[in-house]
Amino acid sequence: MADVDTPESASAEDGTARQFSDSAPGAVNGPAVARTPAAGVSWPLWAWRQLTTMRTALVLLFLLALASVPGSLFPQEGPDPAEVQQYFTSHPALAPWLNRLGLFNVFAAPWFAAIYILLFASLIGCVVPRTFRLAGSTRTPPPRAPRFLKRLPLSVSYSSPLPPGEAVSVAASVLGGHRFRLRRSTDSSAWLSAEKGYLREAGNLLFHLALLGILVSIAIGGIFGYKVDKLLVEGQSFTDTPSALDEQNYGRLANGSDLAPFSITLNRFSASYITTGDSLGQPEAFHAYLSYTSSPGAAPRSYDLQVNHPLSVDSAKVYLIGHGYAPVFKVTNAKGQVVYDQATPFIPASTSTFLSDGVVKAPGASPSQLGFMGVFVPTAVSVNGSLESSFPAADNPVVSLIGYSGNLGMNSGPPQSVYQLDTTGMTKLPGSPHVMFPGQTWKLPDGEGSITYTGTQQWVSLSITYDPGQVSALVFGMLALGGLLLSFLVRRRRMFVRAVPSESGSLVTVGGLTRTDASGGFEDEFASLSVELAEAHQRDPATSAEPEPKNHPETGA
Amino acid sequence: MSVNQGLAQASSDFMIAALLIYSLAVLAFAGDFAFGRPRRSAAAKSAVAERTPELAAVGAGTAVVGAAAGSAGGAPAAPSGPAGGGGSLPQRRESVLQAIGNAGSWIRAAVALSVVGVAAHLTAVVLRGFAVHRAPWGNMYEFVTALTCVAAIFFVYVMIRYRAWALGVFVIGSIVIALGLAETVIYTAAGPLVPALQSYWLSIHVTAMTLSTGIFFVAAVLGIMYPVAARYRARVAAGKAQSGSNGLLERIPEPAQLDKLTYRTVIFGFPIWTFGVIAGAIWADQAWGRYWGWDPVETWAFITWVLYAAYLHARATAGWRRFANYIQLLGFASLAFNILVVQVFITGLHSYAGVG
Amino acid sequence: MSKGKRRAVVSVTAVAVALLAVGLILGFTGGSGQASDITYLDGSTSAWMYKTGHRPLVPDFTGRTLTGASLRLASYRGKVVVLNFWGSWCVPCRSEAPTLAVLSEQYRSRGVSFIGDDVGDTPASALSFTREMGITYPSVNDPGYQIAQELGKVVLVNDTPTTLVIDRTGRLAGVIYGSTTYSVLNTMLQDVAVS
């Protein structure tokens, strides 16, 4: 925030001009820095003034940048809780301390919030008074023209055949035509003050206020919005209700009843990969073919969901986040009855080869419950005796299972993840690991039953989000950008014209100055305006439309 | 649509050609330091000073001319000002070609080579785009070659407009280094984009980032030159060094000029960077379901933005103005860190560098 | 300080204080809006009953059971219905299943019918579950959670398991989130089955 306005008094004419330019050293940092609480100024007021100085804003900006750094270097709870867990296991001594400092959730930590809250308080404390001042300055007229225009950074003099009063009137019409605000002399001397460029400060203030608007929009989105996830296998459907969803994150004032009442069926998922050349194995396109109803009983519609093409349903948006393979297994018990028959989502360990891990749990198996830890290889090749995947598509799918029998631990206790097998109450089956091609059956030893790998399906992971602050955040972002451009491109400038009588008419002096000429170019503007004024002033007084009366009533304060 | 290998090869060839031509240009700029006419630098300095009269007028208010030549008869003063002295109005300048001609044969060669190099560089980038049927900034290699092209075009314009020949060896030299690294270390063959990048937002977000990074690149090089120039001038003023004895340092423009040029470059780039971040947020919402998730690359783009904002604030704060340049360099360091380290080594949604 | 500046400081402070107050109110009072028409059982907020006269009407639904028969909620009017949402993959469902089996037998003669809603499951796994746990009452095959969404109009089916007790007029009398215990469900049935 540059150039605090200093009050302009009518008496300090030249001082006015100097104060207006960037060179005045004292004008930059605000008036009240030196005062301490002891000097008769109350303590909260002193603290408030300290907060709203540029120096404080600078320090807070640095702190904000510095505070963001650990948020990018340590794993964060929000996007990647699994990574955080990983960090705890690999750094058992350090991790709890980092956790206490809030380094696993930096951007929600109170100390991070303190920094940006203080920064915005400083911003408000600076912007609001300046808004009042700008409003005030647009009501007060420009200052009187300095007596010695030649002391200004840019000035030029020439003679004109016109008498001084007429010269000033001509200047007024020229500058008025360029939309300068004018003030004319009312006394015997003939001068004109012109000012332009209030948009610069307006743009500056707009930018800073728009930042505040962005903060509020983010807060609204965080409070009233939600983000929920669902993993869906081909052929399956689900409705947007809490019991159906996997991961759920609600804002403080949002809950499951805010979810839009749609239902989605995944008909088919197709992924295509590049099959030749340097980019072999790189994904080309993903298509999740859905049918959905926006509310129960509504007519079903279809949609081809892709990565950059989310589905808008009701107030929410559905995104395609990931995908993987779900091999289909059928497990029979000792009596040959089918106790498990479904596609089992496996999680990819590598997104380039899609080698995936998964778990099959058949609690209904008898005589003892069965569990299997499996590896799914989409395009299996044998490399030095071990199985690897050479291509992400399921061109040559193979599963390798390690079987367990015993007690899965599912009949009591805390809920279990369907992707993890607790083998504490189980014994490994002989013959593990057992490799199977599609259609093959593994008859389990000791008559425990059998497991058949019947085929392969795919799954997609969807993210459903609702953010009511989204649109306003964008609007404020655009306003911030607009304000920024205005403050960089527009310069606040003043032009002064003085005319003193001479033998041939008058000697006209034109002066100009500008505050922080950020983008440059005021010299060019001054030059072209001077040329225009000079040309207008060369007109013969006889060619003027009407002769100017001697005591022409001058307008302006 | 498959990659047009012929055009991809042609693009590579033009890139190598640009690299070689830029290297020759750097040699020519260096040759001017070693063997060029010393007179030229004084004239260049005064020409630059004429363009920025208010800078000379800061605190003094004396660089003001009274009557223009021949004004007694009432002729308009502005267009033809006095030829040699400082004036308050911009002078009718010698044309670009005249200025280049007056600068000496080394500079003539260097500028010609720079322009040809830029043409080759631009051709390489455009051909790459045609080869892969999309905007040619879809991975790290393409991003670096494109941003250095932006930097080169921007710098050649600035150098010619401000007659700042002395900057050539540093900026073009940096571009040569960056391009060299791109061709050797992070080269990626032309190929299609992964589905996450297949969006028209690539043309908007990454283009803005490419442009602003290229512009900040130039500002950073100027920023590195600033303390060198300042220290040299201080030593000359303190009598510790002979003015004119060191041709290289003598020809670097005044620190005040560098500072002003740096400032103008940064304020040119800052709105584009801001726009790029906003466009990135819109694209993130399209692709990932949220417009800001503190992904590592997003976080470092935010840090970069905050640092450049701090630079702008520092320039307007009493007592901090002399540190402002270092803040700008810190901002570029964070930008470079974002591109070279965060995107490559820190996994997140943004890991599409195409490296490794 | 000048009048303008004082005005500015005062207005800014007022705005800040107002924002802070709103923030505090939102922060500390979000969540448990206690309605006056329910009473919690067992001192926990995961099981409650609606007071007579404040019971919402449960929407009707139809479905296919795991054995293929058709089932409609409205056909149970005149009986007390215990509707239990479960899945064979769900550990708390497995731990409460024996309780449900016992209670279903115990209250059968008093006009109480148990219905299961099997969600996110396949018939093979589900039938082996009912066989294993000794559950003889029918369950609707609802892999897509359709019925849970229907019932979302009166009560949020938050997770599995969830048990709803519906009175003889088809109105919702009790809700249990999570694994039910014998005493909680028994208390509810004693209350509702009386009428």
# chains A, B, ... in the order shown; residues from 1 in each chain; ligands from 1
$ closest_atom_pairs --of "chain A" --to "chain B" --cutoff "6 Å" --atoms "only C-alpha atoms" --output "tab-separated table"
residue	atom	partner	partner_atom	distance
A:Ala2	CA	B:Ala316	CA	5.0
A:Ser23	CA	B:Val58	CA	5.7
A:Leu58	CA	B:Ala310	CA	5.9
A:Ala65	CA	B:Ile303	CA	4.8
A:Ser72	CA	B:Pro296	CA	4.5
A:Arg151	CA	B:Gly61	CA	5.6
A:Pro153	CA	B:Gly61	CA	5.5
A:Leu154	CA	B:Ser88	CA	5.2
A:Ser157	CA	B:Ala67	CA	5.7
A:Ser159	CA	B:Gly74	CA	5.5
A:Pro283	CA	B:Val194	CA	5.6
A:Glu284	CA	B:Val194	CA	5.8
A:Ala285	CA	B:Pro195	CA	5.3
A:Val307	CA	B:Ala287	CA	5.6
A:Asn308	CA	B:Ala287	CA	4.6
A:Ala527	CA	B:Leu89	CA	6.0
A:Val531	CA	B:Ala78	CA	5.9
A:Ala534	CA	B:Pro76	CA	5.7
$ write_last_selection --atoms "C-alpha atoms" --output "PDB file, in the first residue's frame"
ATOM      1  CA  ALA A   2       1.951   3.019  -1.182  1.00  0.00           C
ATOM      2  CA  SER A  23      10.018  11.518  -3.031  1.00  0.00           C
ATOM      3  CA  LEU A  58       5.433  -7.271   5.430  1.00  0.00           C
ATOM      4  CA  ALA A  65       5.011 -17.819   3.216  1.00  0.00           C
ATOM      5  CA  SER A  72       4.147 -28.990   1.473  1.00  0.00           C
ATOM      6  CA  ARG A 151      10.242  23.243  -9.827  1.00  0.00           C
ATOM      7  CA  PRO A 153       9.576  17.271 -12.337  1.00  0.00           C
ATOM      8  CA  LEU A 154       8.025  18.000 -15.718  1.00  0.00           C
ATOM      9  CA  SER A 157       6.978  27.203 -20.932  1.00  0.00           C
ATOM     10  CA  SER A 159       4.299  32.276 -25.019  1.00  0.00           C
ATOM     11  CA  PRO A 283      -3.107 -43.658 -20.198  1.00  0.00           C
ATOM     12  CA  GLU A 284      -4.936 -42.175 -23.148  1.00  0.00           C
ATOM     13  CA  ALA A 285      -8.494 -41.833 -21.958  1.00  0.00           C
ATOM     14  CA  VAL A 307     -11.463 -36.740 -15.667  1.00  0.00           C
ATOM     15  CA  ASN A 308     -12.025 -33.145 -16.777  1.00  0.00           C
ATOM     16  CA  ALA A 527       4.414  15.641 -23.742  1.00  0.00           C
ATOM     17  CA  VAL A 531       1.667  19.844 -27.368  1.00  0.00           C
ATOM     18  CA  ALA A 534       0.510  24.734 -26.820  1.00  0.00           C
TER      19      ALA A 534
END
$ interface_residues --of "chain C" --to "chain A" --cutoff "6 Å" --atoms "only C-alpha atoms" --output "PyMOL selection string"
chain C and resi 8+91+94-95+124-125+128-129+144-145+149+158-159
$ residues_around --residues "range 316-322 of chain A" --least-positions-apart "3" --cutoff "6 Å" --atoms "only C-alpha atoms" --output "compact mmCIF listing (two decimals) with N, CA and C atoms, in the first residue's frame"
# COMPACT_ATOMS: atom_id res chain seq x y z
N VAL A 307 -12.22 -37.48 -16.66
CA VAL A 307 -11.46 -36.74 -15.67
C VAL A 307 -11.77 -35.25 -15.67
N PRO A 310 -16.75 -33.33 -15.07
CA PRO A 310 -17.56 -33.83 -13.96
C PRO A 310 -19.04 -33.80 -14.29
N LEU A 311 -19.80 -34.55 -13.48
CA LEU A 311 -21.25 -34.60 -13.65
C LEU A 311 -21.88 -33.67 -12.63
N SER A 312 -22.73 -32.77 -13.09
CA SER A 312 -23.45 -31.89 -12.17
C SER A 312 -24.81 -32.47 -11.91
N VAL A 313 -25.07 -32.77 -10.66
CA VAL A 313 -26.38 -33.32 -10.28
C VAL A 313 -26.90 -32.50 -9.11
N VAL A 460 -14.35 -47.73 -10.21
CA VAL A 460 -13.96 -46.33 -10.26
C VAL A 460 -14.14 -45.74 -8.87
N SER A 461 -13.35 -44.73 -8.56
CA SER A 461 -13.61 -44.00 -7.33
C SER A 461 -14.12 -42.62 -7.71
N LEU A 462 -15.23 -42.26 -7.08
CA LEU A 462 -15.90 -41.00 -7.37
C LEU A 462 -15.80 -40.10 -6.17
N SER A 463 -15.75 -38.81 -6.45
CA SER A 463 -15.78 -37.83 -5.38
C SER A 463 -16.96 -36.91 -5.64
N ILE A 464 -17.78 -36.71 -4.60
CA ILE A 464 -18.97 -35.86 -4.75
C ILE A 464 -18.77 -34.67 -3.85
N THR A 465 -18.82 -33.49 -4.44
CA THR A 465 -18.54 -32.30 -3.62
C THR A 465 -19.61 -31.25 -3.79
N TYR A 466 -19.72 -30.45 -2.74
CA TYR A 466 -20.63 -29.31 -2.76
C TYR A 466 -19.90 -28.16 -2.08
$ atom_distance --atom1 "CA of Gly374 in chain A" --atom2 "CA of Asp246 in chain A"
22.0 Å
$ select_by_dssp --residues "range 354-475 of chain A" --states "helix (DSSP H, G or I)" --output "ChimeraX atom specification"
/A:445-447,470-475
$ write_last_selection --atoms "N, CA and C atoms" --output "tab-separated table (two decimals), in the first residue's frame"
chain	number	residue	atom	x	y	z
A	445	PRO	N	-6.69	-77.21	0.54
A	445	PRO	CA	-6.29	-78.43	1.24
A	445	PRO	C	-7.19	-78.70	2.46
A	446	ASP	N	-7.20	-79.93	2.92
A	446	ASP	CA	-7.96	-80.37	4.09
A	446	ASP	C	-9.45	-80.14	3.92
A	447	GLY	N	-9.91	-80.16	2.68
A	447	GLY	CA	-11.34	-80.05	2.45
A	447	GLY	C	-11.95	-78.75	2.95
A	470	GLN	N	-17.96	-21.40	-3.84
A	470	GLN	CA	-17.12	-21.53	-5.02
A	470	GLN	C	-17.27	-20.36	-5.98
A	471	VAL	N	-18.54	-20.07	-6.30
A	471	VAL	CA	-18.78	-19.04	-7.30
A	471	VAL	C	-18.32	-17.67	-6.80
A	472	SER	N	-18.62	-17.38	-5.54
A	472	SER	CA	-18.23	-16.07	-5.04
A	472	SER	C	-16.71	-15.97	-4.94
A	473	ALA	N	-16.04	-17.10	-4.65
A	473	ALA	CA	-14.57	-17.05	-4.62
A	473	ALA	C	-14.03	-16.66	-5.98
A	474	LEU	N	-14.64	-17.22	-7.04
A	474	LEU	CA	-14.19	-16.88	-8.38
A	474	LEU	C	-14.46	-15.42	-8.70
A	475	VAL	N	-15.67	-14.96	-8.32
A	475	VAL	CA	-16.01	-13.57	-8.61
A	475	VAL	C	-15.03	-12.63	-7.90
$ residues_around --residues "range 167-171 of chain B" --least-positions-apart "4" --cutoff "10 Å" --atoms "only C-alpha atoms" --output "MDAnalysis selection string"
chainID B and resid 22:23 25:33 107 110:111 114 151:152 155:156 158:159 163 175:177 217:222 224:225 251:253 258
$ atom_distance --atom1 "CA of Phe354 in chain A" --atom2 "CA of Leu290 in chain A"
23.0 Å
$ residues_around --residues "range 165-171 of chain C" --least-positions-apart "4" --cutoff "8 Å" --atoms "only C-alpha atoms" --output "PyMOL selection string"
chain C and resi 55-58+74+77-83+175+188-189+192-193+195
$ atom_distance --atom1 "CA of Gly277 in chain A" --atom2 "CA of Ala380 in chain A"
20.1 Å
